[in-house]
>>> print(open('entry_19.cif').read())   # mmCIF, C-alpha atoms
data_target
#
loop_
_atom_site.group_PDB
_atom_site.id
_atom_site.type_symbol
_atom_site.label_atom_id
_atom_site.label_comp_id
_atom_site.auth_asym_id
_atom_site.auth_seq_id
_atom_site.Cartn_x
_atom_site.Cartn_y
_atom_site.Cartn_z
ATOM 1 C CA MET A 1 36.377 98.981 119.458
ATOM 2 C CA GLY A 2 37.942 95.569 119.940
ATOM 3 C CA VAL A 3 39.351 93.647 117.031
ATOM 4 C CA ASP A 4 39.385 89.837 117.137
ATOM 5 C CA SER A 5 42.648 87.996 116.469
ATOM 6 C CA SER A 6 41.904 86.949 112.862
ATOM 7 C CA LEU A 7 40.858 90.491 111.997
ATOM 8 C CA ASP A 8 43.938 91.845 113.783
ATOM 9 C CA ALA A 9 46.193 89.546 111.743
ATOM 10 C CA GLU A 10 44.557 90.767 108.535
ATOM 11 C CA VAL A 11 44.942 94.406 109.596
ATOM 12 C CA THR A 12 48.616 93.811 110.391
ATOM 13 C CA ARG A 13 49.156 92.215 106.992
ATOM 14 C CA TRP A 14 47.461 95.059 105.099
ATOM 15 C CA ALA A 15 49.210 97.771 107.142
ATOM 16 C CA ALA A 16 52.602 96.195 106.450
ATOM 17 C CA LEU A 17 51.807 95.978 102.738
ATOM 18 C CA LEU A 18 50.735 99.627 102.542
ATOM 19 C CA GLU A 19 53.794 100.783 104.464
ATOM 20 C CA ARG A 20 56.179 98.663 102.397
ATOM 21 C CA TYR A 21 54.978 100.312 99.189
ATOM 22 C CA GLY A 22 54.813 103.785 100.752
ATOM 23 C CA TRP A 23 51.041 104.047 100.346
ATOM 24 C CA ALA A 24 50.064 104.338 104.009
ATOM 25 C CA GLU A 25 49.624 108.112 104.063
ATOM 26 C CA ALA A 26 47.781 108.180 100.731
ATOM 27 C CA ALA A 27 45.478 105.348 101.853
ATOM 28 C CA LEU A 28 44.185 107.086 104.974
ATOM 29 C CA PRO A 29 41.565 109.366 103.368
ATOM 30 C CA TRP A 30 40.400 106.572 101.075
ATOM 31 C CA LEU A 31 39.799 104.167 103.942
ATOM 32 C CA GLY A 32 37.029 106.410 105.261
ATOM 33 C CA VAL A 33 35.364 106.440 101.859
ATOM 34 C CA LEU A 34 35.803 102.686 101.491
ATOM 35 C CA ARG A 35 34.082 102.036 104.818
ATOM 36 C CA ILE A 36 30.966 103.569 103.285
ATOM 37 C CA TRP A 37 31.253 102.470 99.645
ATOM 38 C CA GLY A 38 33.435 99.375 100.044
ATOM 39 C CA PHE A 39 30.615 96.897 99.632
ATOM 40 C CA VAL A 40 29.842 98.215 96.150
ATOM 41 C CA GLY A 41 33.509 98.058 95.193
ATOM 42 C CA ALA A 42 33.769 94.555 96.608
ATOM 43 C CA GLN A 43 30.953 93.348 94.392
ATOM 44 C CA LEU A 44 32.699 94.771 91.333
ATOM 45 C CA LEU A 45 35.964 93.092 92.316
ATOM 46 C CA TRP A 46 34.220 89.753 92.850
ATOM 47 C CA MET A 47 32.863 90.001 89.303
ATOM 48 C CA LEU A 48 36.258 90.985 87.886
ATOM 49 C CA SER A 49 38.002 88.147 89.709
ATOM 50 C CA PHE A 50 36.384 85.662 87.317
ATOM 51 C CA PHE A 51 38.225 87.303 84.421
ATOM 52 C CA SER A 52 41.566 87.817 86.171
ATOM 53 C CA SER A 53 44.293 85.444 87.214
ATOM 54 C CA SER A 54 45.181 87.724 90.147
ATOM 55 C CA THR A 55 44.933 86.028 93.500
ATOM 56 C CA MET A 56 44.828 89.418 95.219
ATOM 57 C CA LEU A 57 41.407 90.513 93.893
ATOM 58 C CA PRO A 58 39.420 88.118 96.120
ATOM 59 C CA ASP A 59 41.480 89.217 99.158
ATOM 60 C CA VAL A 60 40.782 92.886 98.449
ATOM 61 C CA ALA A 61 37.095 92.196 97.773
ATOM 62 C CA SER A 62 36.822 90.331 101.071
ATOM 63 C CA ALA A 63 38.501 93.183 102.929
ATOM 64 C CA LEU A 64 36.181 95.765 101.387
ATOM 65 C CA GLU A 65 33.191 93.861 102.740
ATOM 66 C CA GLN A 66 34.454 94.283 106.315
ATOM 67 C CA PRO A 67 34.003 97.837 107.624
ATOM 68 C CA ASP A 68 35.592 96.790 110.956
ATOM 69 C CA LEU A 69 38.752 95.753 109.118
ATOM 70 C CA LEU A 70 38.882 99.063 107.258
ATOM 71 C CA GLN A 71 38.366 101.055 110.482
ATOM 72 C CA ALA A 72 41.029 99.033 112.294
ATOM 73 C CA LEU A 73 43.421 99.467 109.375
ATOM 74 C CA GLN A 74 42.838 103.218 109.346
ATOM 75 C CA ASN A 75 43.458 103.364 113.110
ATOM 76 C CA ARG A 76 46.606 101.233 112.795
ATOM 77 C CA LEU A 77 48.046 103.484 110.084
ATOM 78 C CA ILE A 78 47.242 106.633 112.084
ATOM 79 C CA GLU A 79 48.908 105.147 115.178
ATOM 80 C CA GLY A 80 52.062 104.393 113.251
ATOM 81 C CA GLY A 81 51.606 101.085 111.512
ATOM 82 C CA THR A 82 52.292 97.570 112.569
ATOM 83 C CA PRO A 83 52.651 96.829 116.261
ATOM 84 C CA GLY A 84 56.160 96.358 117.519
#
>>> encode(input="entry_19.cif", output="structure tokens")
Amino acid sequence: MGVDSSLDAEVTRWAALLERYGWAEAALPWLGVLRIWGFVGAQLLWMLSFFSSSTMLPDVASALEQPDLLQALQNRLIEGGTPG
């Protein structure tokens, strides 16, 4: 499956974030679940974003609405993270 350049940049950013905090291995099983249920979670985060000053909630909600991004992120983490 090909990933366009904007999606690839987003995947790289998320993979680096997960690796920096040491969450890459723990995130892998959840990414499969999120590909299926992510849209529901995204809608909840969009609603919560109105009550939060966090700028990260809209980014996460947007990512959850993109199953291709989640699949690419899962593949990137399995392959060893960000490209060198």
>>> residues_around(input="entry_19.cif", residues="segment 20-24 of chain A", least_positions_apart="2", cutoff="10 Å", atoms="only C-alpha atoms", output="PyMOL selection string")
chain A and resi 14-18+26-29+73-74+76-78+80-81
>>> atom_distance(input="entry_19.cif", atom1="atom CA of Arg35 of chain A", atom2="atom CA of Gln71 of chain A")
7.2 Å
>>> atom_distance(input="entry_19.cif", atom1="atom CA of Phe51 of chain A", atom2="atom CA of Gln66 of chain A")
23.3 Å
>>> closest_residue(input="entry_19.cif", among="A:Leu34, A:Met56, A:Val40, A:Leu45", to="Asp68 of chain A", atoms="all atoms listed in the file")
A:Leu34
>>> atom_distance(input="entry_19.cif", atom1="atom CA of Val11 of chain A", atom2="atom CA of Trp37 of chain A")
18.7 Å
>>> closest_residue(input="entry_19.cif", among="A:Asp59, A:Asp8, A:Glu65, A:Glu19", to="Gln43 of chain A", atoms="all atoms listed in the file")
A:Glu65
>>> axis_aligned_box(input="entry_19.cif", around="segment 65-73 of chain A", padding_each_side="8 Å", output="AutoDock Vina command-line options")
--center_x 38.3 --center_y 97.5 --center_z 107.5 --size_x 26.2 --size_y 23.2 --size_z 25.6
>>> residues_around(input="entry_19.cif", residues="Ala42 of chain A", least_positions_apart="4", cutoff="12 Å", atoms="all atoms listed in the file", output="list of chain:residue names")
A:Leu34, A:Arg35, A:Ile36, A:Trp37, A:Gly38, A:Trp46, A:Met47, A:Leu48, A:Ser49, A:Leu57, A:Pro58, A:Asp59, A:Val60, A:Ala61, A:Ser62, A:Ala63, A:Leu64, A:Glu65, A:Gln66, A:Pro67
>>> build_atoms(input="entry_19.cif", residues="segment 39-56 of chain A", atoms="N, CA and C atoms", output="mmCIF file, in the frame of the given file")
data_model
loop_
_atom_site.group_PDB
_atom_site.id
_atom_site.type_symbol
_atom_site.label_atom_id
_atom_site.label_comp_id
_atom_site.auth_asym_id
_atom_site.auth_seq_id
_atom_site.Cartn_x
_atom_site.Cartn_y
_atom_site.Cartn_z
ATOM 1 N N PHE A 39 31.415 98.043 100.040
ATOM 2 C CA PHE A 39 30.615 96.897 99.632
ATOM 3 C C PHE A 39 30.351 96.909 98.128
ATOM 4 N N VAL A 40 30.079 98.085 97.595
ATOM 5 C CA VAL A 40 29.842 98.215 96.150
ATOM 6 C C VAL A 40 31.114 97.854 95.381
ATOM 7 N N GLY A 41 32.244 98.385 95.829
ATOM 8 C CA GLY A 41 33.509 98.058 95.193
ATOM 9 C C GLY A 41 33.840 96.585 95.295
ATOM 10 N N ALA A 42 33.511 95.989 96.423
ATOM 11 C CA ALA A 42 33.769 94.555 96.608
ATOM 12 C C ALA A 42 32.988 93.726 95.586
ATOM 13 N N GLN A 43 31.758 94.106 95.356
ATOM 14 C CA GLN A 43 30.953 93.348 94.392
ATOM 15 C C GLN A 43 31.548 93.440 92.985
ATOM 16 N N LEU A 44 32.042 94.624 92.637
ATOM 17 C CA LEU A 44 32.699 94.771 91.333
ATOM 18 C C LEU A 44 33.965 93.918 91.248
ATOM 19 N N LEU A 45 34.746 93.901 92.322
ATOM 20 C CA LEU A 45 35.964 93.092 92.316
ATOM 21 C C LEU A 45 35.658 91.597 92.256
ATOM 22 N N TRP A 46 34.601 91.169 92.934
ATOM 23 C CA TRP A 46 34.220 89.753 92.850
ATOM 24 C C TRP A 46 33.895 89.387 91.405
ATOM 25 N N MET A 47 33.192 90.276 90.708
ATOM 26 C CA MET A 47 32.863 90.001 89.303
ATOM 27 C C MET A 47 34.120 89.983 88.442
ATOM 28 N N LEU A 48 35.014 90.928 88.664
ATOM 29 C CA LEU A 48 36.258 90.985 87.886
ATOM 30 C C LEU A 48 37.172 89.799 88.161
ATOM 31 N N SER A 49 37.098 89.245 89.350
ATOM 32 C CA SER A 49 38.002 88.147 89.709
ATOM 33 C C SER A 49 37.803 86.925 88.820
ATOM 34 N N PHE A 50 36.627 86.783 88.230
ATOM 35 C CA PHE A 50 36.384 85.662 87.317
ATOM 36 C C PHE A 50 37.170 85.809 86.019
ATOM 37 N N PHE A 51 37.523 87.038 85.671
ATOM 38 C CA PHE A 51 38.225 87.303 84.421
ATOM 39 C C PHE A 51 39.715 87.595 84.622
ATOM 40 N N SER A 52 40.176 87.484 85.858
ATOM 41 C CA SER A 52 41.566 87.817 86.171
ATOM 42 C C SER A 52 42.251 86.623 86.832
ATOM 43 N N SER A 53 43.529 86.511 86.563
ATOM 44 C CA SER A 53 44.293 85.444 87.214
ATOM 45 C C SER A 53 44.893 85.924 88.538
ATOM 46 N N SER A 54 44.641 87.167 88.907
ATOM 47 C CA SER A 54 45.181 87.724 90.147
ATOM 48 C C SER A 54 44.572 87.030 91.356
ATOM 49 N N THR A 55 45.423 86.618 92.257
ATOM 50 C CA THR A 55 44.933 86.028 93.500
ATOM 51 C C THR A 55 44.650 87.097 94.553
ATOM 52 N N MET A 56 45.022 88.330 94.260
ATOM 53 C CA MET A 56 44.828 89.418 95.219
ATOM 54 C C MET A 56 43.407 89.997 95.156
#
